[in-house]
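**Q** I have a structure I would like to understand better, so I am pasting it below and will then ask my questions one at a time.
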Amino acid sequence: GRAAEAGPSLERASGGVTKLPEKITPTNLVSPLAQFLKGDLSPADFAAARAKWPAWAAAFGQFLTGLKHYNAGELTEARTALADYTKLPGDTTNRWAYAFRDLADKLTKEIDAIPATLAEIQKLKDEGKFPAALKLISDTQKKTRIASFKTQLAQREAEIQAAIKTAAQAVDTAQQAELARQRAAEEQARAKAEAEVQQVNAIEPTLMPALAGYDFRAAAGKYDALTGKLETAAGKAALERARAGMRWLQEFKVQLQADFAAKPFDATKLATRSKAPLTGKLARANDTTLTLTLEYGDTQIKWADLTPASVLKLGEFYAQAFTATEKPASLARRQIALAVFAKYLNLSAPAALDQARKLDPAIATEIEAVFGQK
């Protein structure tokens with residue numbers, strides 16, 4: 001718009017004249033100025049002409065030279081011309097020629113601020129402060145009238161937008177990598193936990209010889225061998241449940257040994273694996289043998305001679321035999337021991353755990369430690 005309008009105006013002002021006036025006056029000054037602004041007069045010829053002009057005319061020509069460079073985006077040349085204009089001494093004859101010093105000073109400062117502004121934008125970009133950099137660009141674009149500077153600002157904005165996109169992609173990539181790492185770690189941990197639980201579970205089938213002979217210490221030793229060798233919570237929990245079971249089996253057997261001494265049991269009510277009948281009273285026992293008291297002396301048999309059902313019968317008998325003298329907590333422990341024995345020897349004691357809970361509600365945690373439920 002304005003550029004199109006300026007052409008005819010300058011054409012009229014120059015009057016089509018290419019020869020410069022010999023003597024410059026406020027009236028004819030407009031002609032060489034118009035020729036210069038149109039480009040009909042080269043900067044070098046205009047500078048040579050200005051050198052012969054009166055100070056006031058040369059000063060105004062200096063200002064227009066700087067303004068033309070400014071509009072063309074030739075900022076180095078513009079700053080030099082405008083700064084020189086502001087330093088020229090005044091002339092009392094044509095003061096208007098010096099009236100543009102404030103504008104020249106403002107434009108000079110605007111040009112001077114460009115490197116600092118671009119440097120600050122770069123600094124914010126390098127620090128990853130993209131929103132602050134974009135705000136500075138936006139604020140500066142609204143203030144400046146320098147086309148070349150606007151172009152630089154637009155280029156910086158594009159670079160920052162690209163950096164934002166790259167950073168976002170890097171963050172996304174990093175997040176995806178971290179998620180993948182976490183999933184892999186979780187899968188590895190899950191697989192390790194499963195492997196350790198299986199390692200614990202694999203022991204139980206090997207216990208049958210020891211369990212069949214009621215050698216609960218030997219059975220417990222197989223689990224004790226894993227102590228300190230497992231790393232996962234699941235593996236350790238599985239091991240602790242198994243070891244708890246072994247402790248209850250040993251407690252069950254030790255308790256029976258004490259019961260025999262306190263209240264001998266009629267051996268004729270027991271069955272042996274060989275189906276050989278028993279006689280006398282079961283009055284004493286140690287970890288390997290049972291002592292039967294007969295009319296004319298004692299005889300011994302091995303624990304392993306008794307059937308699992310007979311051992312369970314002994315436990316059930318003594319669990320009821322001392323109800324009048326033992327505390328509920330002790331009776332509850334007898335019931336849990338019965339349930340554990342039945343579990344490992346493939347027998348059934350369906351009421352034992354319920355009875356234990358009724359006798360001592362606080363013993364629920366002991367039940368959970370072996371059976372996984374309260």
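So you can find residues: chains in the structure tokens are A, B, ... in the order shown, residues in each start at 1, and ligands are numbered from 1 in order.
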Name the residues of region 141-316 of chain A that fall into strand (DSSP E or B) according to DSSP on the backbone, using the chain letters and numbers of this document, as a PyMOL selection string.
**A** chain A and resi 265-266+272+281-285+289-294+297-302+306
**Q** How about saving the chosen residues, N, CA, C and O atoms kept, as a PDB file, in the first residue's frame?
**A**
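Here's the written file again-v4.pdb:
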```
ATOM      1  N   PHE A 265      -1.731 -94.525  76.491  1.00  0.00           N
ATOM      2  CA  PHE A 265      -2.835 -94.828  75.571  1.00  0.00           C
ATOM      3  C   PHE A 265      -2.914 -96.336  75.333  1.00  0.00           C
ATOM      4  O   PHE A 265      -1.883 -97.020  75.215  1.00  0.00           O
ATOM      5  N   ASP A 266      -4.135 -96.861  75.220  1.00  0.00           N
ATOM      6  CA  ASP A 266      -4.363 -98.293  74.969  1.00  0.00           C
ATOM      7  C   ASP A 266      -3.888 -98.631  73.554  1.00  0.00           C
ATOM      8  O   ASP A 266      -4.519 -98.252  72.565  1.00  0.00           O
ATOM      9  N   THR A 272      -1.067-100.962  62.814  1.00  0.00           N
ATOM     10  CA  THR A 272       0.287-100.858  62.261  1.00  0.00           C
ATOM     11  C   THR A 272       0.244-101.047  60.745  1.00  0.00           C
ATOM     12  O   THR A 272      -0.706-101.598  60.195  1.00  0.00           O
ATOM     13  N   LYS A 281       0.174-100.701  76.923  1.00  0.00           N
ATOM     14  CA  LYS A 281      -0.077 -99.268  76.969  1.00  0.00           C
ATOM     15  C   LYS A 281       1.084 -98.507  76.326  1.00  0.00           C
ATOM     16  O   LYS A 281       2.263 -98.801  76.588  1.00  0.00           O
ATOM     17  N   LEU A 282       0.709 -97.547  75.508  1.00  0.00           N
ATOM     18  CA  LEU A 282       1.725 -96.680  74.914  1.00  0.00           C
ATOM     19  C   LEU A 282       2.061 -95.618  75.967  1.00  0.00           C
ATOM     20  O   LEU A 282       1.323 -94.665  76.188  1.00  0.00           O
ATOM     21  N   ALA A 283       3.205 -95.805  76.645  1.00  0.00           N
ATOM     22  CA  ALA A 283       3.489 -94.994  77.823  1.00  0.00           C
ATOM     23  C   ALA A 283       4.648 -94.006  77.649  1.00  0.00           C
ATOM     24  O   ALA A 283       4.719 -92.997  78.353  1.00  0.00           O
ATOM     25  N   ARG A 284       5.534 -94.242  76.692  1.00  0.00           N
ATOM     26  CA  ARG A 284       6.689 -93.359  76.502  1.00  0.00           C
ATOM     27  C   ARG A 284       7.083 -93.340  75.028  1.00  0.00           C
ATOM     28  O   ARG A 284       6.741 -94.268  74.280  1.00  0.00           O
ATOM     29  N   ALA A 285       7.840 -92.285  74.670  1.00  0.00           N
ATOM     30  CA  ALA A 285       8.328 -92.201  73.287  1.00  0.00           C
ATOM     31  C   ALA A 285       9.474 -91.214  73.220  1.00  0.00           C
ATOM     32  O   ALA A 285       9.598 -90.305  74.048  1.00  0.00           O
ATOM     33  N   THR A 289      11.375 -93.942  68.605  1.00  0.00           N
ATOM     34  CA  THR A 289      10.689 -95.165  69.067  1.00  0.00           C
ATOM     35  C   THR A 289       9.556 -94.865  70.039  1.00  0.00           C
ATOM     36  O   THR A 289       9.528 -93.803  70.693  1.00  0.00           O
ATOM     37  N   LEU A 290       8.636 -95.832  70.090  1.00  0.00           N
ATOM     38  CA  LEU A 290       7.516 -95.796  71.030  1.00  0.00           C
ATOM     39  C   LEU A 290       7.696 -96.964  72.002  1.00  0.00           C
ATOM     40  O   LEU A 290       8.059 -98.086  71.591  1.00  0.00           O
ATOM     41  N   THR A 291       7.415 -96.746  73.281  1.00  0.00           N
ATOM     42  CA  THR A 291       7.556 -97.803  74.292  1.00  0.00           C
ATOM     43  C   THR A 291       6.185 -98.249  74.771  1.00  0.00           C
ATOM     44  O   THR A 291       5.388 -97.417  75.235  1.00  0.00           O
ATOM     45  N   LEU A 292       5.919 -99.560  74.626  1.00  0.00           N
ATOM     46  CA  LEU A 292       4.662-100.154  75.079  1.00  0.00           C
ATOM     47  C   LEU A 292       4.920-100.873  76.408  1.00  0.00           C
ATOM     48  O   LEU A 292       5.851-101.692  76.510  1.00  0.00           O
ATOM     49  N   THR A 293       4.109-100.567  77.380  1.00  0.00           N
ATOM     50  CA  THR A 293       4.239-101.220  78.687  1.00  0.00           C
ATOM     51  C   THR A 293       3.311-102.430  78.726  1.00  0.00           C
ATOM     52  O   THR A 293       2.080-102.295  78.582  1.00  0.00           O
ATOM     53  N   LEU A 294       3.917-103.601  78.938  1.00  0.00           N
ATOM     54  CA  LEU A 294       3.160-104.843  78.987  1.00  0.00           C
ATOM     55  C   LEU A 294       3.095-105.346  80.435  1.00  0.00           C
ATOM     56  O   LEU A 294       3.761-104.827  81.337  1.00  0.00           O
ATOM     57  N   GLY A 297       6.681-106.544  81.284  1.00  0.00           N
ATOM     58  CA  GLY A 297       7.831-105.762  80.806  1.00  0.00           C
ATOM     59  C   GLY A 297       7.436-104.795  79.695  1.00  0.00           C
ATOM     60  O   GLY A 297       6.265-104.583  79.393  1.00  0.00           O
ATOM     61  N   ASP A 298       8.435-104.213  79.085  1.00  0.00           N
ATOM     62  CA  ASP A 298       8.211-103.235  78.021  1.00  0.00           C
ATOM     63  C   ASP A 298       8.680-103.775  76.675  1.00  0.00           C
ATOM     64  O   ASP A 298       9.575-104.636  76.621  1.00  0.00           O
ATOM     65  N   THR A 299       8.100-103.215  75.627  1.00  0.00           N
ATOM     66  CA  THR A 299       8.563-103.510  74.283  1.00  0.00           C
ATOM     67  C   THR A 299       8.558-102.206  73.480  1.00  0.00           C
ATOM     68  O   THR A 299       7.860-101.242  73.823  1.00  0.00           O
ATOM     69  N   GLN A 300       9.321-102.178  72.440  1.00  0.00           N
ATOM     70  CA  GLN A 300       9.430-100.948  71.642  1.00  0.00           C
ATOM     71  C   GLN A 300       9.088-101.208  70.182  1.00  0.00           C
ATOM     72  O   GLN A 300       9.369-102.293  69.650  1.00  0.00           O
ATOM     73  N   ILE A 301       8.484-100.213  69.601  1.00  0.00           N
ATOM     74  CA  ILE A 301       8.228-100.215  68.163  1.00  0.00           C
ATOM     75  C   ILE A 301       8.694 -98.866  67.599  1.00  0.00           C
ATOM     76  O   ILE A 301       8.930 -97.913  68.354  1.00  0.00           O
ATOM     77  N   LYS A 302       8.822 -98.787  66.282  1.00  0.00           N
ATOM     78  CA  LYS A 302       9.203 -97.529  65.645  1.00  0.00           C
ATOM     79  C   LYS A 302       7.957 -96.687  65.374  1.00  0.00           C
ATOM     80  O   LYS A 302       6.877 -97.220  65.139  1.00  0.00           O
ATOM     81  N   LEU A 306       3.445 -97.296  62.948  1.00  0.00           N
ATOM     82  CA  LEU A 306       2.041 -96.898  63.062  1.00  0.00           C
ATOM     83  C   LEU A 306       1.539 -96.324  61.748  1.00  0.00           C
ATOM     84  O   LEU A 306       2.266 -95.635  61.020  1.00  0.00           O
TER      85      LEU A 306
END
```
**Q** Can you check which parts of region 84-122 of chain A lie within 9 Å of region 152-175 of chain A? Per residue, the shortest pair of atoms and distance in Å to one decimal, counting only C-alpha atoms, sorted by chain and number, as a tab-separated table.
**A**
```
residue	atom	partner	partner_atom	distance
A:Leu118	CA	A:Leu153	CA	7.9
A:Ile121	CA	A:Arg156	CA	7.8
A:Gln122	CA	A:Arg156	CA	8.2
```
**Q** Those residues with N, CA, C and O atoms, as a PDB file, in the first residue's frame please?
**A**
```
ATOM      1  N   LEU A 118      18.404 -11.374  20.683  1.00  0.00           N
ATOM      2  CA  LEU A 118      18.639 -12.680  20.059  1.00  0.00           C
ATOM      3  C   LEU A 118      19.466 -13.593  20.977  1.00  0.00           C
ATOM      4  O   LEU A 118      19.215 -14.799  21.054  1.00  0.00           O
ATOM      5  N   ILE A 121      17.194 -14.886  23.699  1.00  0.00           N
ATOM      6  CA  ILE A 121      16.331 -15.939  23.147  1.00  0.00           C
ATOM      7  C   ILE A 121      17.107 -17.254  23.041  1.00  0.00           C
ATOM      8  O   ILE A 121      16.608 -18.318  23.404  1.00  0.00           O
ATOM      9  N   GLN A 122      18.345 -17.157  22.545  1.00  0.00           N
ATOM     10  CA  GLN A 122      19.179 -18.357  22.419  1.00  0.00           C
ATOM     11  C   GLN A 122      19.480 -18.962  23.781  1.00  0.00           C
ATOM     12  O   GLN A 122      19.475 -20.193  23.946  1.00  0.00           O
TER      13      GLN A 122
END
```
**Q** Mind checking which residues fall within 8 Å of region 99-101 of chain A, counting only C-alpha atoms, ignoring those fewer than 3 positions away in the same chain, and posting them as a PyMOL selection string?
**A** chain A and resi 63+85-86+95-96+104-105
**Q** Include C-alpha atoms and write out the residues we just selected as a PDB file, in the first residue's frame.
**A**
```pdb
ATOM      1  CA  PHE A  63      18.938  11.149   8.788  1.00  0.00           C
ATOM      2  CA  TYR A  85      22.959  12.188  12.950  1.00  0.00           C
ATOM      3  CA  THR A  86      22.211  12.394  16.676  1.00  0.00           C
ATOM      4  CA  ARG A  95      16.121  23.754  13.238  1.00  0.00           C
ATOM      5  CA  TRP A  96      13.549  21.370  11.722  1.00  0.00           C
ATOM      6  CA  ALA A 104      17.021   8.496  15.353  1.00  0.00           C
ATOM      7  CA  ASP A 105      18.139   7.748  18.905  1.00  0.00           C
TER       8      ASP A 105
END
```
**Q** Choose the residue, out of A:Asn71, A:Leu345, A:Lys23, A:Leu136, that has the smallest atom-to-atom separation from Glu204 (chain A); count only C-alpha atoms.
**A**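 Among A:Asn71, A:Leu345, A:Lys23, A:Leu136, it is A:Leu345 that comes nearest to Glu204 (chain A).
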**Q** Could you tell me which of A:Ala362, A:Leu107, A:Ala147, A:Thr93 comes closest to Ala81 (chain A) if we count only C-alpha atoms?
**A**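 Distance minimum relative to Ala81 (chain A) lands on A:Leu107.
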**Q** Given the choices A:Ala97, A:Ala309, A:Ala258, A:Leu179, which gets closest to Trp56 (chain A) if the distance is worked out from only C-alpha atoms?
**A**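 Closest to Trp56 (chain A) of all the choices is A:Ala97.
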**Q** Set the distance at 6 Å and use only C-alpha atoms: which residues neighbour Gly235 (chain A) once local chain neighbours fewer than 2 positions away are removed? I'd like the list as a PyMOL selection string.
**A** chain A and resi 193+196-197+232-233+237-238
**Q** For CA of Arg79 (chain A) and CA of Ile111 (chain A), determine how far apart the two atoms are, in Å to one decimal place.
**A** 6.7 Å
